[in-house]
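Peer 1: What follows is coords-v4.cif, mmCIF, C-alpha atoms.
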```cif
data_upload
#
loop_
_atom_site.label_atom_id
_atom_site.label_comp_id
_atom_site.auth_asym_id
_atom_site.auth_seq_id
_atom_site.Cartn_x
_atom_site.Cartn_y
_atom_site.Cartn_z
CA MET O 1 -7.33 -6.42 9.18
CA ILE O 2 -9.18 -4.39 11.84
CA ASP O 3 -9.50 -6.05 15.23
CA LEU O 4 -13.00 -5.06 16.37
CA ASN O 5 -12.30 -6.48 19.83
CA SER O 6 -9.43 -4.09 20.33
CA GLU O 7 -9.59 -1.72 23.31
CA ASN O 8 -8.93 1.10 20.82
CA PHE O 9 -12.59 1.06 19.77
CA ILE O 10 -15.50 2.71 21.59
CA LYS O 11 -18.10 0.11 22.47
CA ALA O 12 -20.73 2.22 24.27
CA LEU O 13 -23.29 4.07 22.15
CA SER O 14 -26.33 5.45 23.94
CA VAL O 15 -29.43 7.53 23.35
CA ASP O 16 -30.68 10.17 25.82
CA CYS O 17 -34.11 11.78 25.54
CA VAL O 18 -34.83 15.38 26.54
CA ILE O 19 -38.63 15.51 26.83
CA LEU O 20 -39.94 19.04 27.33
CA GLY O 21 -43.46 20.03 28.35
CA LEU O 22 -45.36 23.17 29.29
CA GLU O 23 -47.23 23.31 32.60
CA LYS O 24 -48.97 26.48 33.82
CA GLY O 25 -46.79 28.61 31.56
CA GLU O 26 -43.54 27.04 32.73
CA LEU O 27 -41.20 24.86 30.68
CA GLU O 28 -40.45 21.48 32.28
CA VAL O 29 -38.23 18.49 31.53
CA LEU O 30 -39.00 14.85 32.33
CA LEU O 31 -36.48 13.11 34.60
CA TYR O 32 -36.36 9.77 36.36
CA LYS O 33 -34.68 8.45 39.50
CA ARG O 34 -32.50 5.38 39.00
CA LEU O 35 -33.26 2.21 40.95
CA SER O 36 -30.00 0.41 40.29
CA SER O 37 -26.27 1.08 40.41
CA PRO O 38 -24.40 3.00 39.24
CA PHE O 39 -25.97 6.26 40.41
CA LYS O 40 -28.74 4.62 42.39
CA ASP O 41 -31.38 7.11 43.64
CA GLN O 42 -30.00 9.89 41.42
CA TRP O 43 -31.94 11.81 38.77
CA ALA O 44 -31.24 11.31 35.07
CA LEU O 45 -32.62 11.77 31.58
CA PRO O 46 -34.49 8.78 30.12
CA GLY O 47 -31.87 6.94 28.12
CA GLY O 48 -30.04 3.72 27.44
CA PHE O 49 -27.62 1.88 25.19
CA VAL O 50 -28.33 1.18 21.54
CA ARG O 51 -28.75 -2.50 20.74
CA TYR O 52 -26.81 -4.18 17.94
CA ASN O 53 -29.99 -4.99 16.03
CA GLU O 54 -31.56 -1.51 16.01
CA GLY O 55 -30.94 1.93 14.57
CA ILE O 56 -30.61 4.96 16.80
CA ASP O 57 -34.07 6.26 15.86
CA ASP O 58 -35.56 2.90 16.83
CA ALA O 59 -33.57 2.98 20.06
CA SER O 60 -35.01 6.39 20.96
CA LYS O 61 -38.57 5.09 20.37
CA ARG O 62 -37.91 1.97 22.45
CA ILE O 63 -36.42 3.97 25.31
CA LEU O 64 -39.31 6.44 25.25
CA LYS O 65 -41.77 3.55 25.43
CA ASP O 66 -39.83 1.92 28.28
CA PHE O 67 -39.98 5.08 30.38
CA THR O 68 -43.37 6.50 29.46
CA GLY O 69 -45.43 3.79 27.79
CA VAL O 70 -45.86 6.10 24.76
CA GLU O 71 -45.46 4.59 21.29
CA ASN O 72 -45.12 6.11 17.81
CA PHE O 73 -44.16 9.45 19.27
CA TYR O 74 -42.18 11.97 17.24
CA MET O 75 -38.73 12.83 18.53
CA GLU O 76 -36.17 14.98 16.77
CA GLN O 77 -32.49 14.09 16.76
CA LEU O 78 -30.51 16.98 18.21
CA GLN O 79 -26.81 16.11 18.11
CA ALA O 80 -24.13 13.68 19.24
CA PHE O 81 -21.92 14.16 22.29
CA GLY O 82 -18.69 12.20 22.19
CA GLU O 83 -15.79 14.05 23.78
CA VAL O 84 -12.80 11.87 24.60
CA ASP O 85 -13.32 12.23 28.35
CA ARG O 86 -17.12 11.83 28.28
CA CYS O 87 -18.18 9.27 30.95
CA ILE O 88 -14.62 7.95 30.99
CA ASP O 89 -14.89 7.18 34.70
CA SER O 90 -18.17 5.26 34.40
CA PRO O 91 -18.32 1.46 34.79
CA TYR O 92 -18.91 1.24 31.04
CA GLY O 93 -16.01 3.44 30.04
CA ARG O 94 -16.18 6.19 27.46
CA ALA O 95 -19.61 6.53 25.83
CA VAL O 96 -20.97 8.45 22.88
CA THR O 97 -24.61 9.55 23.17
CA ILE O 98 -27.14 10.76 20.62
CA VAL O 99 -29.56 13.28 22.13
CA TYR O 100 -33.19 13.37 21.01
CA LYS O 101 -35.72 16.00 22.02
CA ALA O 102 -39.49 15.97 22.14
CA LEU O 103 -42.06 18.69 22.84
CA VAL O 104 -45.20 17.34 24.50
CA GLN O 105 -48.32 18.41 26.34
CA THR O 106 -47.77 17.23 29.91
CA LYS O 107 -51.48 16.66 30.61
CA LYS O 108 -51.74 14.27 27.67
CA PHE O 109 -48.39 12.60 28.31
CA LYS O 110 -49.12 9.55 30.46
CA ILE O 111 -46.05 8.43 32.37
CA HIS O 112 -45.31 4.75 32.79
CA LEU O 113 -42.46 3.76 35.11
CA GLY O 114 -39.70 1.88 33.34
CA PRO O 115 -37.83 -1.16 34.71
CA ASP O 116 -35.11 1.02 36.25
CA SER O 117 -37.32 3.92 37.34
CA GLY O 118 -37.88 4.49 41.03
CA GLU O 119 -39.74 7.71 40.27
CA THR O 120 -40.48 9.83 37.20
CA LYS O 121 -41.15 13.53 37.57
CA TRP O 122 -41.43 16.81 35.65
CA PHE O 123 -38.94 19.51 36.72
CA ASN O 124 -38.95 23.20 35.89
CA VAL O 125 -35.98 23.71 33.53
CA THR O 126 -34.65 26.46 35.81
CA LYS O 127 -34.72 24.16 38.87
CA ILE O 128 -33.13 20.94 37.63
CA PRO O 129 -31.22 18.92 40.27
CA ASP O 130 -27.72 17.57 39.74
CA LEU O 131 -28.03 14.79 37.19
CA ILE O 132 -25.79 11.82 36.40
CA TYR O 133 -22.87 12.09 33.97
CA ASP O 134 -23.23 15.23 31.84
CA HIS O 135 -27.02 15.15 31.64
CA ASN O 136 -27.32 18.72 32.96
CA ARG O 137 -25.25 19.85 30.00
CA LEU O 138 -27.40 17.83 27.60
CA VAL O 139 -30.50 19.66 28.84
CA GLU O 140 -28.70 23.02 28.58
CA GLU O 141 -27.61 22.35 25.00
CA THR O 142 -31.15 21.28 24.08
CA LEU O 143 -32.57 24.51 25.49
CA LYS O 144 -29.94 26.56 23.63
CA SER O 145 -30.95 24.85 20.40
CA LEU O 146 -34.64 25.49 21.10
CA LYS O 147 -34.03 29.17 21.86
CA LYS O 148 -31.99 29.61 18.69
CA LYS O 149 -34.53 27.81 16.50
CA ILE O 150 -37.58 29.62 17.83
CA LYS O 151 -36.02 32.91 16.67
CA TYR O 152 -36.70 32.08 13.04
CA GLU O 153 -39.11 29.15 13.10
CA PRO O 154 -42.46 29.10 14.93
CA ILE O 155 -41.84 25.86 16.79
CA GLY O 156 -43.37 24.82 20.07
CA PHE O 157 -47.00 24.48 19.00
CA GLU O 158 -46.78 20.85 20.11
CA LEU O 159 -46.72 22.21 23.66
CA LEU O 160 -50.07 23.93 23.25
CA PRO O 161 -53.60 22.60 22.81
CA ALA O 162 -54.96 22.57 19.25
CA LYS O 163 -56.85 25.78 20.02
CA PHE O 164 -55.00 28.40 22.07
CA THR O 165 -55.04 32.08 22.98
CA LEU O 166 -52.34 34.62 22.13
CA SER O 167 -51.60 34.85 25.85
CA GLN O 168 -50.92 31.10 25.98
CA LEU O 169 -48.62 31.43 22.96
CA GLN O 170 -46.77 34.34 24.55
CA LYS O 171 -46.30 32.40 27.78
CA LEU O 172 -44.82 29.55 25.73
CA TYR O 173 -42.24 31.85 24.15
CA GLU O 174 -41.49 33.44 27.52
CA ALA O 175 -41.00 30.00 29.10
CA ILE O 176 -38.53 28.96 26.39
CA TRP O 177 -36.62 32.24 26.53
CA ASN O 178 -37.05 32.78 30.29
CA VAL O 179 -37.84 36.46 29.62
CA LYS O 180 -40.93 38.68 29.52
CA PHE O 181 -42.12 40.05 26.17
CA ASP O 182 -43.98 43.31 25.61
CA LYS O 183 -47.55 42.16 24.97
CA PRO O 184 -48.53 44.49 22.07
CA ASN O 185 -45.17 44.04 20.32
CA PHE O 186 -45.29 40.23 20.64
CA ARG O 187 -48.82 40.04 19.24
CA ARG O 188 -47.98 42.37 16.36
CA LYS O 189 -44.99 40.24 15.35
CA ILE O 190 -46.67 36.85 15.71
CA LEU O 191 -49.79 37.95 13.79
CA HIS O 192 -47.63 39.52 11.07
CA MET O 193 -46.27 36.03 10.33
CA ASN O 194 -49.73 35.04 9.03
CA ILE O 195 -49.42 31.49 10.32
CA LEU O 196 -52.31 31.64 12.79
CA ILE O 197 -55.97 31.07 12.01
CA LYS O 198 -58.31 33.23 14.07
CA LEU O 199 -61.30 31.17 15.19
CA ASP O 200 -64.85 32.28 15.86
CA GLU O 201 -64.52 30.88 19.35
CA LYS O 202 -63.69 32.21 22.77
CA LYS O 203 -61.85 30.58 25.67
CA ASN O 204 -64.18 30.09 28.61
CA GLY O 205 -63.44 29.72 32.28
CA VAL O 206 -61.16 32.75 32.69
CA ASN O 207 -61.52 35.58 35.19
CA HIS O 208 -61.46 38.35 32.59
CA LYS O 209 -63.00 38.91 29.16
CA ASN O 210 -63.07 35.64 27.25
CA PRO O 211 -60.12 35.78 24.81
CA THR O 212 -60.24 34.72 21.15
CA LEU O 213 -58.90 31.28 20.23
CA TYR O 214 -56.43 30.59 17.41
CA LYS O 215 -54.91 27.54 15.75
CA PHE O 216 -51.65 27.00 13.89
CA ASP O 217 -51.92 27.10 10.09
CA LYS O 218 -49.37 24.39 9.33
CA ALA O 219 -50.23 24.21 5.61
CA ARG O 220 -49.54 27.92 5.11
CA TYR O 221 -46.39 27.71 7.20
CA ASN O 222 -45.04 24.84 5.06
CA LEU O 223 -45.89 26.80 1.90
CA LEU O 224 -43.99 29.86 3.10
CA ILE O 225 -40.99 27.72 4.03
CA GLU O 226 -40.97 26.22 0.53
CA LYS O 227 -40.83 29.76 -0.87
CA GLY O 228 -37.81 30.48 1.30
CA ILE O 229 -39.56 32.93 3.62
CA LEU O 230 -38.01 32.97 7.08
CA PHE O 231 -39.61 34.06 10.34
CA GLU O 232 -37.93 36.10 13.04
CA MET O 233 -39.27 37.24 16.38
#
```
As structure tokens - that is how I would like this structure written.
Peer 2:
Amino acid sequence: MIDLNSENFIKALSVDCVILGLEKGELEVLLYKRLSSPFKDQWALPGGFVRYNEGIDDASKRILKDFTGVENFYMEQLQAFGEVDRCIDSPYGRAVTIVYKALVQTKKFKIHLGPDSGETKWFNVTKIPDLIYDHNRLVEETLKSLKKKIKYEPIGFELLPAKFTLSQLQKLYEAIWNVKFDKPNFRRKILHMNILIKLDEKKNGVNHKNPTLYKFDKARYNLLIEKGILFEM
């Protein structure tokens, strides 16, 4: 018979949320400063332990609500991190965490301080401070996954308004990749995918010629995926 109270079993299962947003063409991640020990006054990813009476998806939604006040928000499960020495020196002992990621529009994402949040703030992904445990690595692995996925799948439209310019789309890709793309080449490739709908509208309030607005054709994209057609930038 298995002794579930044995010290041979891992008792700590947590969820950590990597919430990414785009602000002025720069990719940012949402962090919070802890109010209580351990790691008081240090920055961390929104996260917490999974309760016995909830699934990990439900835990991610609860934690997101606790830290931001946002409900019914889509988050994608990334992967589990459970090395033998992970958090072994923490007060809770070794912990396994399930990382979830979300892509949001920062202007529409209203932040609500959680019970353990002294401060919540967006940080440029290239200027993240030292975080608790291995949270810096969790962000890095999330960005690696995003960079890899965006090569063959036009993700990231959640970071843009419903109607956007090609320049805004290019800045999004540049923010994720942290590189500069050749403008004509980028536009040729993205338009060749045939997943954008050109609108009979212009973006106002810019210093140069008002650029044309586009929107993402999700129905066509899903149809192409069903046919097994892949996209590659």
Peer 1: Assuming the chain letters and numbering stay as they are in my file, what does the PyMOL selection byres ((chain O and resi 28) around 7) actually select? List them as a ChimeraX atom specification.
Peer 2: /O:20-22,26-27,29-30,122-125
Peer 1: To test your reading of the syntax: which residues would the PyMOL selection byres ((chain O and resi 62) around 12) return for the file shown? Reply as number ranges by chain.
Peer 2: O: 15-17, 46-51, 54-61, 63-73, 75, 114
Peer 1: For the residues selected in the previous step, produce a file with C-alpha atoms as a tab-separated table (two decimals), keeping the file's coordinate frame.
Peer 2:
```tsv
chain	number	residue	atom	x	y	z
O	15	VAL	CA	-29.43	7.53	23.35
O	16	ASP	CA	-30.68	10.17	25.82
O	17	CYS	CA	-34.11	11.78	25.54
O	46	PRO	CA	-34.49	8.78	30.12
O	47	GLY	CA	-31.87	6.94	28.12
O	48	GLY	CA	-30.04	3.72	27.44
O	49	PHE	CA	-27.62	1.88	25.19
O	50	VAL	CA	-28.33	1.18	21.54
O	51	ARG	CA	-28.75	-2.50	20.74
O	54	GLU	CA	-31.56	-1.51	16.01
O	55	GLY	CA	-30.94	1.93	14.57
O	56	ILE	CA	-30.61	4.96	16.80
O	57	ASP	CA	-34.07	6.26	15.86
O	58	ASP	CA	-35.56	2.90	16.83
O	59	ALA	CA	-33.57	2.98	20.06
O	60	SER	CA	-35.01	6.39	20.96
O	61	LYS	CA	-38.57	5.09	20.37
O	63	ILE	CA	-36.42	3.97	25.31
O	64	LEU	CA	-39.31	6.44	25.25
O	65	LYS	CA	-41.77	3.55	25.43
O	66	ASP	CA	-39.83	1.92	28.28
O	67	PHE	CA	-39.98	5.08	30.38
O	68	THR	CA	-43.37	6.50	29.46
O	69	GLY	CA	-45.43	3.79	27.79
O	70	VAL	CA	-45.86	6.10	24.76
O	71	GLU	CA	-45.46	4.59	21.29
O	72	ASN	CA	-45.12	6.11	17.81
O	73	PHE	CA	-44.16	9.45	19.27
O	75	MET	CA	-38.73	12.83	18.53
O	114	GLY	CA	-39.70	1.88	33.34
```
Peer 1: Which residues are near region 186-202 of chain O? Cut-off 7 Å, all atoms listed in the file, ignore same chain within fewer than 3 positions. Put them as a PyMOL selection string.
Peer 2: chain O and resi 181-183+210-217+220-221+231+233
Peer 1: For the PyMOL selection byres ((chain O and resi 82-84) around 9), applied here, can you spell out every residue it catches as a list in words?
Peer 2: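 Matching residues under the PyMOL selection byres ((chain O and resi 82-84) around 9) are Ala80, Phe81, Asp85, Arg86, Cys87, Ile88, Arg94, Ala95, Val96, Thr97 and Ile98 of chain O.
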Peer 1: Between O:Ser37, O:Gln42, O:Ser14, O:Ser167, which has the minimum distance to Leu131 (chain O) (counting only C-alpha atoms)?
Peer 2: O:Gln42
Peer 1: To one decimal place, how far is CA of Trp43 (chain O) from CA of Ile19 (chain O) in Å?
Peer 2: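 Distance between the two atoms: 14.2 Å.
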Peer 1: Would you mind telling me which residue in O:Ala12, O:Ala102, O:Val139, O:Leu166 lies nearest to Tyr52 (chain O) when using all atoms listed in the file?
Peer 2: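 Smallest distance to Tyr52 (chain O) is found for O:Ala12.
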Peer 1: Which of these residues is nearest to Ile128 (chain O), using only C-alpha atoms: O:Lys24, O:Leu224, O:Pro38, O:Tyr32?
Peer 2: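 The answer is O:Tyr32, which sits nearest to Ile128 (chain O).
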Peer 1: Kindly output region 77-98 of chain O as a compact mmCIF listing (two decimals), in the frame of the given file, after building N, CA and C atoms.
Peer 2:
```txt
# COMPACT_ATOMS: atom_id res chain seq x y z
N GLN O 77 -33.89 14.28 16.39
CA GLN O 77 -32.49 14.09 16.76
C GLN O 77 -31.81 15.44 16.85
N LEU O 78 -31.15 15.69 17.97
CA LEU O 78 -30.51 16.98 18.21
C LEU O 78 -29.05 16.97 17.76
N GLN O 79 -28.22 16.20 18.47
CA GLN O 79 -26.81 16.11 18.11
C GLN O 79 -26.15 14.99 18.91
N ALA O 80 -24.91 14.71 18.54
CA ALA O 80 -24.13 13.68 19.24
C ALA O 80 -23.14 14.35 20.19
N PHE O 81 -22.90 13.70 21.32
CA PHE O 81 -21.92 14.16 22.29
C PHE O 81 -20.91 13.03 22.49
N GLY O 82 -19.67 13.28 22.13
CA GLY O 82 -18.69 12.20 22.19
C GLY O 82 -17.28 12.66 22.48
N GLU O 83 -17.14 13.62 23.41
CA GLU O 83 -15.79 14.05 23.78
C GLU O 83 -14.98 12.88 24.32
N VAL O 84 -13.68 12.97 24.19
CA VAL O 84 -12.80 11.87 24.60
C VAL O 84 -12.99 11.50 26.07
N ASP O 85 -13.21 12.51 26.91
CA ASP O 85 -13.32 12.23 28.35
C ASP O 85 -14.76 12.07 28.82
N ARG O 86 -15.72 11.96 27.88
CA ARG O 86 -17.12 11.83 28.28
C ARG O 86 -17.37 10.46 28.93
N CYS O 87 -17.82 10.48 30.19
CA CYS O 87 -18.18 9.27 30.95
C CYS O 87 -17.00 8.30 31.08
N ILE O 88 -15.80 8.82 30.97
CA ILE O 88 -14.62 7.95 30.99
C ILE O 88 -14.46 7.21 32.31
N ASP O 89 -15.03 7.80 33.39
CA ASP O 89 -14.89 7.18 34.70
C ASP O 89 -16.10 6.32 35.08
N SER O 90 -17.00 6.09 34.12
CA SER O 90 -18.17 5.26 34.40
C SER O 90 -17.79 3.78 34.32
N PRO O 91 -18.62 2.90 34.87
CA PRO O 91 -18.32 1.46 34.79
C PRO O 91 -18.26 0.94 33.36
N TYR O 92 -18.88 1.68 32.43
CA TYR O 92 -18.91 1.24 31.04
C TYR O 92 -17.79 1.85 30.20
N GLY O 93 -17.04 2.77 30.80
CA GLY O 93 -16.01 3.44 30.04
C GLY O 93 -16.57 4.55 29.18
N ARG O 94 -15.76 5.08 28.31
CA ARG O 94 -16.18 6.19 27.46
C ARG O 94 -17.42 5.82 26.65
N ALA O 95 -18.37 6.78 26.57
CA ALA O 95 -19.61 6.53 25.83
C ALA O 95 -19.93 7.73 24.95
N VAL O 96 -20.45 7.43 23.78
CA VAL O 96 -20.97 8.45 22.88
C VAL O 96 -22.50 8.39 22.96
N THR O 97 -23.15 9.55 23.10
CA THR O 97 -24.61 9.55 23.17
C THR O 97 -25.21 10.42 22.09
N ILE O 98 -26.36 9.99 21.58
CA ILE O 98 -27.14 10.76 20.62
C ILE O 98 -28.34 11.32 21.38
```
